[in-house]
Each structure stands twice: as structure tokens, then as C-alpha cells.
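> Submitted below is the structure of interest, expressed as C-alpha cells.
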Amino acid sequence: MRPRVIDSNILLALWHGRFPSPTKVKVRTKPTAQLVAGAWLKLNPGDGVLTPIRLELVGGSLDRDAVRLTDYFLDLFPLFDDGDVRREDWDAAARLARRVPFEPRPRGAMDCLIRAICQRLRLDLETQDTGVPPD
């Protein structure tokens with residue numbers, strides 16, 4: 001089984017204490033951020049994130065405290081790409097964005113980039129986002 005990237009939509013559900021959160025605790029403090037992430041990783045030890053996912057979550061934070069909590073939360077997840085987003089990833093993302101599915105729907109730039117990095121690193125992607133291009 002390949003390592004699995006957890007997309008931001010699942011991480012946000014964890015953050016807010018919704019399914020599939022193993023704790024049902026909302027992240028409000030550093031200890032709860034670490035508890036929620038740690039509980040997930042205890043059940044799913046091979047899971048991690050990519051740089052674009054970190055950017056999505058940090059960029060969605062509305063104040064400095066939320067940014068700090070997001071960092072505490074995400075720091076527990078392995079960063080599979082080590083921050084190394086390459087030109088080839090952007091090129092592959094552009095190709096994915098141009099592939100219009102049989103049932104047309106938008107393909108987000110970050111979703112295409114996430115899929116491209118997963119393909120390069122041979123990682124599975126766990127997402128509930130219907131706009132992510134298929135593997």
C-alpha cells in the first residue's frame with residue numbers, strides 16, 4: 001500500500017471535530033490541535049500532506065492565532081514533498097487542468113497541483129473533493 005496524502009477537506013473536517021475525526025474535539029488550542037492530529041495519525045500512521053495542502057490550510061486561517069494553531073496541527077503530519085514543488089509538477093498540473101471530464105466540472109489549480117505531486121511521488125490521495133482530477 002502506498003503512502004496516503006490527506007486532502008485539506010478531510011483535514012478541515014478533523015479540525016472542526018466532524019467525521020471522520022476520531023476524537024470529535026474541535027481544534028481551539030495547541031493541545032487540541034496536537035490531540036486531533038495525533039489521534040488521526042495513530043489510526044492512520046502512513047498519512048501525510050503536501051506543500052499545497054499546507055498552503056490551503058494556512059491561507060484559510062483568518063488571524064495569527066489560527067495560523068499558529070494550523071501550524072501545530074500540520075506539523076504532526078509528514079510533509080511528503082519536503083516543500084519541493086517542481087516545474088514538472090506545475091506542467092503536469094496544467095495538463096490535468098486541461099482534461100475535461102465526461103461530466104464537466106471545474107478543476108482547481110491547487111487540486112491539479114496536488115494530484116500532479118501525488119503522481120510524481122507515487123502517493124495515494126484521500127479526498128472528498130469532486131473537483132480533483134482522477135489519477
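Chain identifiers are assigned as A, B, and so on, following the order in which chains appear in the C-alpha cells; residues are numbered from 1 within each chain, and ligands are numbered from 1 in order of appearance.
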For segment 37-42 of chain A, list every protein, DNA or RNA residue within 7 Å, evaluated using only C-alpha atoms, and leave out those in the same chain fewer than 5 positions away; present the list as a list in words.

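Counting only the stated atoms, we get Pro22, Thr23, Asp47, Phe73 and Leu76 of chain A.
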
> Mind checking DSSP for chain A and telling me the strand (DSSP E) residues as a ChimeraX atom specification?

/A:4-6,47-48,124-126

> Compare A:Trp15, A:Leu35, A:Asp111, A:Ile6 by their minimum atom-to-atom distance to Ser61 of chain A, counting only C-alpha atoms, and give me the closest one.

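Among the listed residues, the smallest separation from Ser61 of chain A belongs to A:Trp15.
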
> Compile the contact shell of Thr70 of chain A as a count of residues only: residues with an atom at most 8 Å away, counting only C-alpha atoms, same-chain residues fewer than 4 positions apart removed.

6

> For Pro104 of chain A, find every residue with an atom within 12 Å (counting only C-alpha atoms), except residues of its own chain fewer than 5 positions away, and show them as a ChimeraX atom specification.

/A:97-99,130-131,133

> Keeping only N, CA, C and O atoms, write the selected residues as an mmCIF file, in the first residue's frame.


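Written output follows (result_0.cif):
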data_model
loop_
_atom_site.group_PDB
_atom_site.id
_atom_site.type_symbol
_atom_site.label_atom_id
_atom_site.label_comp_id
_atom_site.auth_asym_id
_atom_site.auth_seq_id
_atom_site.Cartn_x
_atom_site.Cartn_y
_atom_site.Cartn_z
ATOM 1 N N ALA A 97 -5.423 20.125 -15.659
ATOM 2 C CA ALA A 97 -6.463 21.157 -15.726
ATOM 3 C C ALA A 97 -7.129 21.179 -17.101
ATOM 4 O O ALA A 97 -8.312 21.525 -17.218
ATOM 5 N N ARG A 98 -6.392 20.807 -18.134
ATOM 6 C CA ARG A 98 -6.930 20.816 -19.497
ATOM 7 C C ARG A 98 -7.779 19.581 -19.806
ATOM 8 O O ARG A 98 -8.492 19.561 -20.804
ATOM 9 N N ARG A 99 -7.703 18.558 -18.958
ATOM 10 C CA ARG A 99 -8.509 17.358 -19.172
ATOM 11 C C ARG A 99 -9.918 17.601 -18.638
ATOM 12 O O ARG A 99 -10.142 17.638 -17.431
ATOM 13 N N THR A 130 -14.854 16.565 -5.212
ATOM 14 C CA THR A 130 -15.208 16.004 -6.516
ATOM 15 C C THR A 130 -14.497 16.714 -7.671
ATOM 16 O O THR A 130 -14.546 16.237 -8.797
ATOM 17 N N GLY A 131 -13.826 17.834 -7.395
ATOM 18 C CA GLY A 131 -13.131 18.566 -8.440
ATOM 19 C C GLY A 131 -11.690 18.139 -8.657
ATOM 20 O O GLY A 131 -11.025 18.619 -9.566
ATOM 21 N N PRO A 133 -8.838 16.047 -10.146
ATOM 22 C CA PRO A 133 -8.738 15.163 -11.303
ATOM 23 C C PRO A 133 -8.411 13.732 -10.869
ATOM 24 O O PRO A 133 -7.688 13.523 -9.899
#

> May I have the residues within 7 Å of Leu123 of chain A as a list of chain:residue names, using only C-alpha atoms and disregarding those fewer than 2 positions away in the same chain?

A:Arg2, A:Pro3, A:Arg4, A:Val5, A:Cys118, A:Gln119, A:Leu121, A:Leu125

> Next, dump the selected residues to file, keeping only N, CA and C atoms, as an mmCIF file, in the first residue's frame.


data_model
loop_
_atom_site.group_PDB
_atom_site.id
_atom_site.type_symbol
_atom_site.label_atom_id
_atom_site.label_comp_id
_atom_site.auth_asym_id
_atom_site.auth_seq_id
_atom_site.Cartn_x
_atom_site.Cartn_y
_atom_site.Cartn_z
ATOM 1 N N ARG A 2 0.531 2.201 -0.852
ATOM 2 C CA ARG A 2 1.312 3.431 -0.970
ATOM 3 C C ARG A 2 0.944 4.396 0.159
ATOM 4 N N PRO A 3 1.892 5.269 0.520
ATOM 5 C CA PRO A 3 1.548 6.315 1.500
ATOM 6 C C PRO A 3 0.378 7.144 0.988
ATOM 7 N N ARG A 4 -0.373 7.706 1.916
ATOM 8 C CA ARG A 4 -1.598 8.416 1.560
ATOM 9 C C ARG A 4 -1.525 9.876 1.974
ATOM 10 N N VAL A 5 -1.850 10.741 1.009
ATOM 11 C CA VAL A 5 -1.947 12.179 1.240
ATOM 12 C C VAL A 5 -3.378 12.481 1.667
ATOM 13 N N CYS A 118 1.275 13.998 -6.258
ATOM 14 C CA CYS A 118 0.977 12.612 -5.867
ATOM 15 C C CYS A 118 1.436 11.632 -6.951
ATOM 16 N N GLN A 119 1.201 11.978 -8.204
ATOM 17 C CA GLN A 119 1.628 11.101 -9.294
ATOM 18 C C GLN A 119 3.156 10.995 -9.331
ATOM 19 N N LEU A 121 5.333 11.413 -6.924
ATOM 20 C CA LEU A 121 5.876 10.723 -5.752
ATOM 21 C C LEU A 121 5.232 9.356 -5.510
ATOM 22 N N LEU A 125 -4.108 9.660 -2.884
ATOM 23 C CA LEU A 125 -4.744 10.878 -2.384
ATOM 24 C C LEU A 125 -6.106 10.529 -1.816
#

> Can you work out the spacing between atom CA of Leu11 of chain A and atom CA of Thr51 of chain A in Å, to one decimal?

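Atom-to-atom, atom CA of Leu11 of chain A and atom CA of Thr51 of chain A are spaced 13.8 Å apart.
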
> If you run DSSP on the backbone here, which positions in chain A get helix (DSSP H, G or I)? Please write them as an MDAnalysis selection string.

chainID A and resid 8:15 30:43 51:59 64:75 87:98 109:121

> Tell me which protein, DNA and RNA residues are within 8 Å of Leu69 of chain A, counting only C-alpha atoms, leaving out same-chain ones fewer than 4 positions away, and put them as a ChimeraX atom specification.

/A:27-30,33,65,73

> Just the number, please: distance in Å from atom CA of Arg86 of chain A to atom CA of Arg105 of chain A, one decimal.

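Taking atom CA of Arg86 of chain A and atom CA of Arg105 of chain A, their separation equals 26.2 Å.
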
> Which distance in Å separates atom CA of Ser8 of chain A and atom CA of Glu88 of chain A, to one decimal?

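Interatomic distance, atom CA of Ser8 of chain A to atom CA of Glu88 of chain A: 22.4 Å.
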